[in-house]
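All remarks here apply to the structure that follows.
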Amino acid sequence: MVKIKLRRVGALKKPCYRIVVADSRASRDGAFISIIGRYDPLTNPETVAIDESLAVDWLKKGAQPTDTVARLLKKVGIADSLKA
């Protein structure tokens, strides 16, 4: 199964994440298929940048977002555009 999940990058105690499409068996920072965005929780407000066309394409192909990524997709408004 293909998942859309977060991959941690950044320095110690300063996390930054890439939103990636990866096999569900791959580790958090392991192999991935595609990078579709980034997420920085340390900024105020948190920064979320997702390529909408890539995200919608992968969701239509059956990729399942993790709970955190689903929250981020909803925040950006991609989950709403998929239902329409």
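In the structure tokens, each chain is lettered A, B, ... as it comes, each chain's residues begin at 1, and ligands are numbered from 1 in order of appearance.
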
Which polymer residues have any atom within 12 Å of an atom of Arg71 in chain A, counting only C-alpha atoms, with same-chain residues fewer than 3 positions away left out, as a PDB file with all heavy atoms, in the first residue's frame?
```pdb
ATOM      1  N   ILE A   4       0.892   8.541   2.072  1.00  0.00           N
ATOM      2  CA  ILE A   4       1.437   9.898   2.050  1.00  0.00           C
ATOM      3  C   ILE A   4       1.776  10.203   3.497  1.00  0.00           C
ATOM      4  O   ILE A   4       0.904  10.197   4.365  1.00  0.00           O
ATOM      5  CB  ILE A   4       0.416  10.906   1.498  1.00  0.00           C
ATOM      6  CG1 ILE A   4       0.006  10.531   0.082  1.00  0.00           C
ATOM      7  CG2 ILE A   4       1.004  12.319   1.522  1.00  0.00           C
ATOM      8  CD1 ILE A   4      -1.087  11.399  -0.499  1.00  0.00           C
ATOM      9  N   LYS A   5       3.074  10.413   3.772  1.00  0.00           N
ATOM     10  CA  LYS A   5       3.497  10.591   5.154  1.00  0.00           C
ATOM     11  C   LYS A   5       4.596  11.626   5.273  1.00  0.00           C
ATOM     12  O   LYS A   5       5.089  12.141   4.273  1.00  0.00           O
ATOM     13  CB  LYS A   5       3.931   9.258   5.753  1.00  0.00           C
ATOM     14  CG  LYS A   5       5.042   8.532   5.021  1.00  0.00           C
ATOM     15  CD  LYS A   5       5.237   7.166   5.650  1.00  0.00           C
ATOM     16  CE  LYS A   5       6.344   6.378   5.010  1.00  0.00           C
ATOM     17  NZ  LYS A   5       6.550   5.092   5.686  1.00  0.00           N
ATOM     18  N   LEU A   6       4.962  11.921   6.529  1.00  0.00           N
ATOM     19  CA  LEU A   6       5.997  12.916   6.802  1.00  0.00           C
ATOM     20  C   LEU A   6       7.353  12.240   6.903  1.00  0.00           C
ATOM     21  O   LEU A   6       7.480  11.161   7.483  1.00  0.00           O
ATOM     22  CB  LEU A   6       5.697  13.646   8.113  1.00  0.00           C
ATOM     23  CG  LEU A   6       4.425  14.476   8.149  1.00  0.00           C
ATOM     24  CD1 LEU A   6       4.223  15.052   9.540  1.00  0.00           C
ATOM     25  CD2 LEU A   6       4.469  15.585   7.129  1.00  0.00           C
ATOM     26  N   TYR A  39       6.580  20.823   5.419  1.00  0.00           N
ATOM     27  CA  TYR A  39       5.849  21.251   6.608  1.00  0.00           C
ATOM     28  C   TYR A  39       6.867  21.680   7.657  1.00  0.00           C
ATOM     29  O   TYR A  39       7.794  20.942   7.964  1.00  0.00           O
ATOM     30  CB  TYR A  39       4.986  20.103   7.120  1.00  0.00           C
ATOM     31  CG  TYR A  39       4.419  20.281   8.500  1.00  0.00           C
ATOM     32  CD1 TYR A  39       3.597  21.357   8.805  1.00  0.00           C
ATOM     33  CD2 TYR A  39       4.692  19.363   9.499  1.00  0.00           C
ATOM     34  CE1 TYR A  39       3.068  21.512  10.082  1.00  0.00           C
ATOM     35  CE2 TYR A  39       4.166  19.505  10.764  1.00  0.00           C
ATOM     36  CZ  TYR A  39       3.365  20.573  11.056  1.00  0.00           C
ATOM     37  OH  TYR A  39       2.840  20.733  12.307  1.00  0.00           O
ATOM     38  N   VAL A  48       2.921  25.271   5.764  1.00  0.00           N
ATOM     39  CA  VAL A  48       2.566  24.080   4.996  1.00  0.00           C
ATOM     40  C   VAL A  48       2.559  24.463   3.524  1.00  0.00           C
ATOM     41  O   VAL A  48       1.856  25.389   3.123  1.00  0.00           O
ATOM     42  CB  VAL A  48       1.175  23.538   5.392  1.00  0.00           C
ATOM     43  CG1 VAL A  48       0.845  22.298   4.586  1.00  0.00           C
ATOM     44  CG2 VAL A  48       1.095  23.259   6.871  1.00  0.00           C
ATOM     45  N   PRO A  65      -3.336   8.936   3.143  1.00  0.00           N
ATOM     46  CA  PRO A  65      -2.562   9.847   3.994  1.00  0.00           C
ATOM     47  C   PRO A  65      -2.584   9.380   5.449  1.00  0.00           C
ATOM     48  O   PRO A  65      -3.571   8.790   5.907  1.00  0.00           O
ATOM     49  CB  PRO A  65      -3.277  11.183   3.837  1.00  0.00           C
ATOM     50  CG  PRO A  65      -4.670  10.823   3.468  1.00  0.00           C
ATOM     51  CD  PRO A  65      -4.586   9.543   2.694  1.00  0.00           C
ATOM     52  N   THR A  66      -1.501   9.646   6.166  1.00  0.00           N
ATOM     53  CA  THR A  66      -1.490   9.382   7.600  1.00  0.00           C
ATOM     54  C   THR A  66      -2.385  10.417   8.273  1.00  0.00           C
ATOM     55  O   THR A  66      -2.840  11.372   7.638  1.00  0.00           O
ATOM     56  CB  THR A  66      -0.058   9.477   8.170  1.00  0.00           C
ATOM     57  OG1 THR A  66       0.439  10.797   7.940  1.00  0.00           O
ATOM     58  CG2 THR A  66       0.863   8.443   7.539  1.00  0.00           C
ATOM     59  N   ASP A  67      -2.656  10.242   9.562  1.00  0.00           N
ATOM     60  CA  ASP A  67      -3.546  11.169  10.271  1.00  0.00           C
ATOM     61  C   ASP A  67      -3.019  12.602  10.229  1.00  0.00           C
ATOM     62  O   ASP A  67      -3.781  13.543   9.990  1.00  0.00           O
ATOM     63  CB  ASP A  67      -3.717  10.727  11.723  1.00  0.00           C
ATOM     64  CG  ASP A  67      -4.473   9.411  11.831  1.00  0.00           C
ATOM     65  OD1 ASP A  67      -5.210   9.068  10.889  1.00  0.00           O
ATOM     66  OD2 ASP A  67      -4.317   8.734  12.862  1.00  0.00           O
ATOM     67  N   THR A  68      -1.726  12.781  10.450  1.00  0.00           N
ATOM     68  CA  THR A  68      -1.139  14.120  10.450  1.00  0.00           C
ATOM     69  C   THR A  68      -1.202  14.743   9.062  1.00  0.00           C
ATOM     70  O   THR A  68      -1.546  15.917   8.916  1.00  0.00           O
ATOM     71  CB  THR A  68       0.316  14.071  10.936  1.00  0.00           C
ATOM     72  OG1 THR A  68       0.355  13.429  12.205  1.00  0.00           O
ATOM     73  CG2 THR A  68       0.908  15.462  11.044  1.00  0.00           C
ATOM     74  N   LYS A  74      -6.290  18.941   4.898  1.00  0.00           N
ATOM     75  CA  LYS A  74      -7.534  19.640   5.199  1.00  0.00           C
ATOM     76  C   LYS A  74      -7.267  21.120   5.477  1.00  0.00           C
ATOM     77  O   LYS A  74      -8.017  21.995   5.043  1.00  0.00           O
ATOM     78  CB  LYS A  74      -8.207  18.994   6.414  1.00  0.00           C
ATOM     79  CG  LYS A  74      -9.574  19.539   6.700  1.00  0.00           C
ATOM     80  CD  LYS A  74     -10.226  18.761   7.827  1.00  0.00           C
ATOM     81  CE  LYS A  74     -11.608  19.305   8.096  1.00  0.00           C
ATOM     82  NZ  LYS A  74     -12.275  18.606   9.196  1.00  0.00           N
ATOM     83  N   LYS A  75      -6.165  21.415   6.172  1.00  0.00           N
ATOM     84  CA  LYS A  75      -5.811  22.792   6.494  1.00  0.00           C
ATOM     85  C   LYS A  75      -5.540  23.607   5.228  1.00  0.00           C
ATOM     86  O   LYS A  75      -5.955  24.759   5.121  1.00  0.00           O
ATOM     87  CB  LYS A  75      -4.580  22.813   7.416  1.00  0.00           C
ATOM     88  CG  LYS A  75      -4.157  24.188   7.826  1.00  0.00           C
ATOM     89  CD  LYS A  75      -2.992  24.136   8.777  1.00  0.00           C
ATOM     90  CE  LYS A  75      -2.621  25.540   9.205  1.00  0.00           C
ATOM     91  NZ  LYS A  75      -1.596  25.561  10.222  1.00  0.00           N
ATOM     92  N   VAL A  76      -4.867  22.992   4.261  1.00  0.00           N
ATOM     93  CA  VAL A  76      -4.531  23.677   3.017  1.00  0.00           C
ATOM     94  C   VAL A  76      -5.747  23.747   2.092  1.00  0.00           C
ATOM     95  O   VAL A  76      -5.828  24.619   1.231  1.00  0.00           O
ATOM     96  CB  VAL A  76      -3.347  22.953   2.330  1.00  0.00           C
ATOM     97  CG1 VAL A  76      -3.062  23.522   0.966  1.00  0.00           C
ATOM     98  CG2 VAL A  76      -2.110  23.063   3.200  1.00  0.00           C
ATOM     99  N   GLY A  77      -6.715  22.837   2.273  1.00  0.00           N
ATOM    100  CA  GLY A  77      -7.913  22.850   1.456  1.00  0.00           C
ATOM    101  C   GLY A  77      -7.909  21.837   0.330  1.00  0.00           C
ATOM    102  O   GLY A  77      -8.799  21.848  -0.517  1.00  0.00           O
ATOM    103  N   ILE A  78      -6.948  20.955   0.334  1.00  0.00           N
ATOM    104  CA  ILE A  78      -6.870  19.949  -0.724  1.00  0.00           C
ATOM    105  C   ILE A  78      -7.912  18.856  -0.512  1.00  0.00           C
ATOM    106  O   ILE A  78      -8.495  18.362  -1.465  1.00  0.00           O
ATOM    107  CB  ILE A  78      -5.444  19.359  -0.825  1.00  0.00           C
ATOM    108  CG1 ILE A  78      -4.496  20.453  -1.278  1.00  0.00           C
ATOM    109  CG2 ILE A  78      -5.392  18.171  -1.759  1.00  0.00           C
ATOM    110  CD1 ILE A  78      -3.052  20.077  -1.293  1.00  0.00           C
ATOM    111  N   ALA A  79      -8.181  18.485   0.707  1.00  0.00           N
ATOM    112  CA  ALA A  79      -9.174  17.444   0.988  1.00  0.00           C
ATOM    113  C   ALA A  79     -10.552  17.877   0.513  1.00  0.00           C
ATOM    114  O   ALA A  79     -11.341  17.081   0.008  1.00  0.00           O
ATOM    115  CB  ALA A  79      -9.191  17.117   2.475  1.00  0.00           C
ATOM    116  N   ASP A  80     -10.862  19.162   0.641  1.00  0.00           N
ATOM    117  CA  ASP A  80     -12.151  19.679   0.199  1.00  0.00           C
ATOM    118  C   ASP A  80     -12.271  19.659  -1.327  1.00  0.00           C
ATOM    119  O   ASP A  80     -13.329  19.357  -1.860  1.00  0.00           O
ATOM    120  CB  ASP A  80     -12.368  21.098   0.721  1.00  0.00           C
ATOM    121  CG  ASP A  80     -12.390  21.164   2.236  1.00  0.00           C
ATOM    122  OD1 ASP A  80     -12.768  20.147   2.863  1.00  0.00           O
ATOM    123  OD2 ASP A  80     -12.029  22.211   2.785  1.00  0.00           O
TER     124      ASP A  80
END
```

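Across the model, the gap from CA of Val20 in chain A to CA of Lys60 in chain A is 15.5 Å.
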
Those in chain A with alpha helix (DSSP H) from DSSP, as an mmCIF file with all heavy atoms, in the first residue's frame:
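Generated file (out-v3.cif):
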```
data_model
loop_
_atom_site.group_PDB
_atom_site.id
_atom_site.type_symbol
_atom_site.label_atom_id
_atom_site.label_comp_id
_atom_site.auth_asym_id
_atom_site.auth_seq_id
_atom_site.Cartn_x
_atom_site.Cartn_y
_atom_site.Cartn_z
ATOM 1 N N GLU A 52 -0.579 20.898 -4.957
ATOM 2 C CA GLU A 52 -1.950 20.395 -4.991
ATOM 3 C C GLU A 52 -2.173 19.377 -6.103
ATOM 4 O O GLU A 52 -2.828 18.353 -5.888
ATOM 5 C CB GLU A 52 -2.937 21.548 -5.145
ATOM 6 C CG GLU A 52 -4.369 21.122 -5.059
ATOM 7 C CD GLU A 52 -5.349 22.284 -5.042
ATOM 8 O OE1 GLU A 52 -4.925 23.435 -4.956
ATOM 9 O OE2 GLU A 52 -6.554 22.004 -5.115
ATOM 10 N N SER A 53 -1.624 19.629 -7.268
ATOM 11 C CA SER A 53 -1.857 18.704 -8.384
ATOM 12 C C SER A 53 -1.252 17.331 -8.103
ATOM 13 O O SER A 53 -1.869 16.302 -8.391
ATOM 14 C CB SER A 53 -1.300 19.282 -9.685
ATOM 15 O OG SER A 53 0.094 19.466 -9.592
ATOM 16 N N LEU A 54 -0.048 17.302 -7.533
ATOM 17 C CA LEU A 54 0.567 16.022 -7.190
ATOM 18 C C LEU A 54 -0.199 15.307 -6.091
ATOM 19 O O LEU A 54 -0.410 14.097 -6.151
ATOM 20 C CB LEU A 54 2.021 16.222 -6.747
ATOM 21 C CG LEU A 54 3.046 16.509 -7.830
ATOM 22 C CD1 LEU A 54 4.402 16.801 -7.199
ATOM 23 C CD2 LEU A 54 3.151 15.330 -8.770
ATOM 24 N N ALA A 55 -0.629 16.045 -5.078
ATOM 25 C CA ALA A 55 -1.362 15.443 -3.968
ATOM 26 C C ALA A 55 -2.680 14.838 -4.442
ATOM 27 O O ALA A 55 -3.007 13.692 -4.105
ATOM 28 C CB ALA A 55 -1.608 16.471 -2.877
ATOM 29 N N VAL A 56 -3.432 15.579 -5.224
ATOM 30 C CA VAL A 56 -4.707 15.074 -5.732
ATOM 31 C C VAL A 56 -4.485 13.865 -6.631
ATOM 32 O O VAL A 56 -5.222 12.874 -6.559
ATOM 33 C CB VAL A 56 -5.479 16.192 -6.470
ATOM 34 C CG1 VAL A 56 -6.669 15.636 -7.220
ATOM 35 C CG2 VAL A 56 -5.915 17.259 -5.487
ATOM 36 N N ASP A 57 -3.446 13.913 -7.454
ATOM 37 C CA ASP A 57 -3.136 12.798 -8.342
ATOM 38 C C ASP A 57 -2.856 11.524 -7.545
ATOM 39 O O ASP A 57 -3.389 10.459 -7.853
ATOM 40 C CB ASP A 57 -1.941 13.159 -9.228
ATOM 41 C CG ASP A 57 -1.652 12.125 -10.280
ATOM 42 O OD1 ASP A 57 -2.616 11.625 -10.893
ATOM 43 O OD2 ASP A 57 -0.467 11.805 -10.495
ATOM 44 N N TRP A 58 -2.029 11.621 -6.504
ATOM 45 C CA TRP A 58 -1.714 10.449 -5.691
ATOM 46 C C TRP A 58 -2.922 9.969 -4.898
ATOM 47 O O TRP A 58 -3.133 8.766 -4.739
ATOM 48 C CB TRP A 58 -0.542 10.721 -4.759
ATOM 49 C CG TRP A 58 0.772 10.583 -5.453
ATOM 50 C CD1 TRP A 58 1.613 11.576 -5.847
ATOM 51 C CD2 TRP A 58 1.380 9.352 -5.879
ATOM 52 N NE1 TRP A 58 2.710 11.055 -6.494
ATOM 53 C CE2 TRP A 58 2.584 9.694 -6.519
ATOM 54 C CE3 TRP A 58 1.019 8.024 -5.787
ATOM 55 C CZ2 TRP A 58 3.435 8.730 -7.052
ATOM 56 C CZ3 TRP A 58 1.872 7.059 -6.322
ATOM 57 C CH2 TRP A 58 3.064 7.417 -6.947
ATOM 58 N N LEU A 59 -3.748 10.883 -4.411
ATOM 59 C CA LEU A 59 -4.954 10.475 -3.684
ATOM 60 C C LEU A 59 -5.929 9.742 -4.608
ATOM 61 O O LEU A 59 -6.553 8.763 -4.206
ATOM 62 C CB LEU A 59 -5.620 11.688 -3.040
ATOM 63 C CG LEU A 59 -4.867 12.285 -1.849
ATOM 64 C CD1 LEU A 59 -5.466 13.630 -1.473
ATOM 65 C CD2 LEU A 59 -4.880 11.341 -0.661
ATOM 66 N N LYS A 60 -6.037 10.196 -5.852
ATOM 67 C CA LYS A 60 -6.905 9.516 -6.813
ATOM 68 C C LYS A 60 -6.365 8.142 -7.183
ATOM 69 O O LYS A 60 -7.135 7.241 -7.521
ATOM 70 C CB LYS A 60 -7.074 10.370 -8.072
ATOM 71 C CG LYS A 60 -7.986 11.548 -7.862
ATOM 72 C CD LYS A 60 -8.184 12.323 -9.138
ATOM 73 C CE LYS A 60 -9.128 13.500 -8.902
ATOM 74 N NZ LYS A 60 -9.307 14.303 -10.115
ATOM 75 N N ASP A 67 -2.656 10.242 9.562
ATOM 76 C CA ASP A 67 -3.546 11.169 10.271
ATOM 77 C C ASP A 67 -3.019 12.602 10.229
ATOM 78 O O ASP A 67 -3.781 13.543 9.990
ATOM 79 C CB ASP A 67 -3.717 10.727 11.723
ATOM 80 C CG ASP A 67 -4.473 9.411 11.831
ATOM 81 O OD1 ASP A 67 -5.210 9.068 10.889
ATOM 82 O OD2 ASP A 67 -4.317 8.734 12.862
ATOM 83 N N THR A 68 -1.726 12.781 10.450
ATOM 84 C CA THR A 68 -1.139 14.120 10.450
ATOM 85 C C THR A 68 -1.202 14.743 9.062
ATOM 86 O O THR A 68 -1.546 15.917 8.916
ATOM 87 C CB THR A 68 0.316 14.071 10.936
ATOM 88 O OG1 THR A 68 0.355 13.429 12.205
ATOM 89 C CG2 THR A 68 0.908 15.462 11.044
ATOM 90 N N VAL A 69 -0.883 13.982 8.050
ATOM 91 C CA VAL A 69 -0.925 14.505 6.682
ATOM 92 C C VAL A 69 -2.361 14.820 6.285
ATOM 93 O O VAL A 69 -2.619 15.821 5.611
ATOM 94 C CB VAL A 69 -0.255 13.529 5.695
ATOM 95 C CG1 VAL A 69 -0.451 13.989 4.260
ATOM 96 C CG2 VAL A 69 1.220 13.400 6.005
ATOM 97 N N ALA A 70 -3.311 14.007 6.723
ATOM 98 C CA ALA A 70 -4.722 14.291 6.427
ATOM 99 C C ALA A 70 -5.133 15.626 7.044
ATOM 100 O O ALA A 70 -5.861 16.412 6.418
ATOM 101 C CB ALA A 70 -5.602 13.167 6.946
ATOM 102 N N ARG A 71 -4.653 15.906 8.252
ATOM 103 C CA ARG A 71 -4.935 17.196 8.898
ATOM 104 C C ARG A 71 -4.330 18.339 8.095
ATOM 105 O O ARG A 71 -4.960 19.387 7.893
ATOM 106 C CB ARG A 71 -4.386 17.209 10.330
ATOM 107 C CG ARG A 71 -4.601 18.533 11.054
ATOM 108 C CD ARG A 71 -3.970 18.518 12.437
ATOM 109 N NE ARG A 71 -2.524 18.452 12.422
ATOM 110 C CZ ARG A 71 -1.725 19.518 12.270
ATOM 111 N NH1 ARG A 71 -2.240 20.721 12.103
ATOM 112 N NH2 ARG A 71 -0.414 19.388 12.297
ATOM 113 N N LEU A 72 -3.107 18.162 7.620
ATOM 114 C CA LEU A 72 -2.443 19.207 6.833
ATOM 115 C C LEU A 72 -3.153 19.424 5.490
ATOM 116 O O LEU A 72 -3.307 20.561 5.042
ATOM 117 C CB LEU A 72 -0.976 18.857 6.610
ATOM 118 C CG LEU A 72 -0.108 18.807 7.870
ATOM 119 C CD1 LEU A 72 1.280 18.305 7.525
ATOM 120 C CD2 LEU A 72 -0.045 20.163 8.533
ATOM 121 N N LEU A 73 -3.586 18.331 4.853
ATOM 122 C CA LEU A 73 -4.315 18.461 3.587
ATOM 123 C C LEU A 73 -5.616 19.215 3.798
ATOM 124 O O LEU A 73 -6.005 20.047 2.971
ATOM 125 C CB LEU A 73 -4.596 17.078 2.993
ATOM 126 C CG LEU A 73 -3.402 16.314 2.456
ATOM 127 C CD1 LEU A 73 -3.816 14.901 2.071
ATOM 128 C CD2 LEU A 73 -2.769 17.020 1.284
ATOM 129 N N LYS A 74 -6.290 18.941 4.898
ATOM 130 C CA LYS A 74 -7.534 19.640 5.199
ATOM 131 C C LYS A 74 -7.267 21.120 5.477
ATOM 132 O O LYS A 74 -8.017 21.995 5.043
ATOM 133 C CB LYS A 74 -8.207 18.994 6.414
ATOM 134 C CG LYS A 74 -9.574 19.539 6.700
ATOM 135 C CD LYS A 74 -10.226 18.761 7.827
ATOM 136 C CE LYS A 74 -11.608 19.305 8.096
ATOM 137 N NZ LYS A 74 -12.275 18.606 9.196
ATOM 138 N N LYS A 75 -6.165 21.415 6.172
ATOM 139 C CA LYS A 75 -5.811 22.792 6.494
ATOM 140 C C LYS A 75 -5.540 23.607 5.228
ATOM 141 O O LYS A 75 -5.955 24.759 5.121
ATOM 142 C CB LYS A 75 -4.580 22.813 7.416
ATOM 143 C CG LYS A 75 -4.157 24.188 7.826
ATOM 144 C CD LYS A 75 -2.992 24.136 8.777
ATOM 145 C CE LYS A 75 -2.621 25.540 9.205
ATOM 146 N NZ LYS A 75 -1.596 25.561 10.222
ATOM 147 N N VAL A 76 -4.867 22.992 4.261
ATOM 148 C CA VAL A 76 -4.531 23.677 3.017
ATOM 149 C C VAL A 76 -5.747 23.747 2.092
ATOM 150 O O VAL A 76 -5.828 24.619 1.231
ATOM 151 C CB VAL A 76 -3.347 22.953 2.330
ATOM 152 C CG1 VAL A 76 -3.062 23.522 0.966
ATOM 153 C CG2 VAL A 76 -2.110 23.063 3.200
ATOM 154 N N ILE A 78 -6.948 20.955 0.334
ATOM 155 C CA ILE A 78 -6.870 19.949 -0.724
ATOM 156 C C ILE A 78 -7.912 18.856 -0.512
ATOM 157 O O ILE A 78 -8.495 18.362 -1.465
ATOM 158 C CB ILE A 78 -5.444 19.359 -0.825
ATOM 159 C CG1 ILE A 78 -4.496 20.453 -1.278
ATOM 160 C CG2 ILE A 78 -5.392 18.171 -1.759
ATOM 161 C CD1 ILE A 78 -3.052 20.077 -1.293
ATOM 162 N N ALA A 79 -8.181 18.485 0.707
ATOM 163 C CA ALA A 79 -9.174 17.444 0.988
ATOM 164 C C ALA A 79 -10.552 17.877 0.513
ATOM 165 O O ALA A 79 -11.341 17.081 0.008
ATOM 166 C CB ALA A 79 -9.191 17.117 2.475
ATOM 167 N N ASP A 80 -10.862 19.162 0.641
ATOM 168 C CA ASP A 80 -12.151 19.679 0.199
ATOM 169 C C ASP A 80 -12.271 19.659 -1.327
ATOM 170 O O ASP A 80 -13.329 19.357 -1.860
ATOM 171 C CB ASP A 80 -12.368 21.098 0.721
ATOM 172 C CG ASP A 80 -12.390 21.164 2.236
ATOM 173 O OD1 ASP A 80 -12.768 20.147 2.863
ATOM 174 O OD2 ASP A 80 -12.029 22.211 2.785
ATOM 175 N N SER A 81 -11.195 19.998 -2.023
ATOM 176 C CA SER A 81 -11.251 20.030 -3.479
ATOM 177 C C SER A 81 -11.348 18.623 -4.067
ATOM 178 O O SER A 81 -11.854 18.445 -5.165
ATOM 179 C CB SER A 81 -10.021 20.739 -4.049
ATOM 180 O OG SER A 81 -8.839 19.986 -3.804
ATOM 181 N N LEU A 82 -10.889 17.625 -3.321
ATOM 182 C CA LEU A 82 -10.969 16.247 -3.794
ATOM 183 C C LEU A 82 -12.405 15.741 -3.767
ATOM 184 O O LEU A 82 -12.820 14.982 -4.629
ATOM 185 C CB LEU A 82 -10.080 15.354 -2.944
ATOM 186 C CG LEU A 82 -9.892 13.915 -3.419
ATOM 187 C CD1 LEU A 82 -9.236 13.915 -4.790
ATOM 188 C CD2 LEU A 82 -9.070 13.128 -2.435
ATOM 189 N N LYS A 83 -13.195 16.172 -2.775
ATOM 190 C CA LYS A 83 -14.582 15.731 -2.655
ATOM 191 C C LYS A 83 -15.467 16.305 -3.752
ATOM 192 O O LYS A 83 -16.451 15.726 -4.143
ATOM 193 C CB LYS A 83 -15.139 16.124 -1.296
ATOM 194 C CG LYS A 83 -14.505 15.378 -0.153
ATOM 195 C CD LYS A 83 -15.059 15.833 1.172
ATOM 196 C CE LYS A 83 -14.341 15.149 2.321
ATOM 197 N NZ LYS A 83 -14.823 15.633 3.611
#
```

Taking the DSSP secondary structure from the backbone, can you list the residues of range 2-80 of chain A that are strand (DSSP E or B), as number ranges by chain? A: 2-11, 14-23, 34-40, 47-50, 64-65

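Of the residues under consideration (A:Ser24, A:Arg8, A:Thr43, A:Asp51), A:Ser24 shows the shortest atom-to-atom contact distance to Gln64 in chain A when counting only C-alpha atoms.
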
For Asp29 in chain A, please output as a ChimeraX atom specification all residues within 12 Å (counting only C-alpha atoms; exclusion window: fewer than 3 positions along the same chain). /A:5-10,17-26,32

Please measure the separation of CA of Ala31 in chain A and CA of Glu46 in chain A, giving the value in Å to one decimal. 25.8 Å

Separation of CA of Met1 in chain A and CA of Pro41 in chain A, in Å? 27.1 Å

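Among the candidate residues A:Ile36, A:Ile50, A:Leu42, A:Ala63, the one lying nearest to Pro15 in chain A is A:Leu42, with distances computed using only C-alpha atoms.
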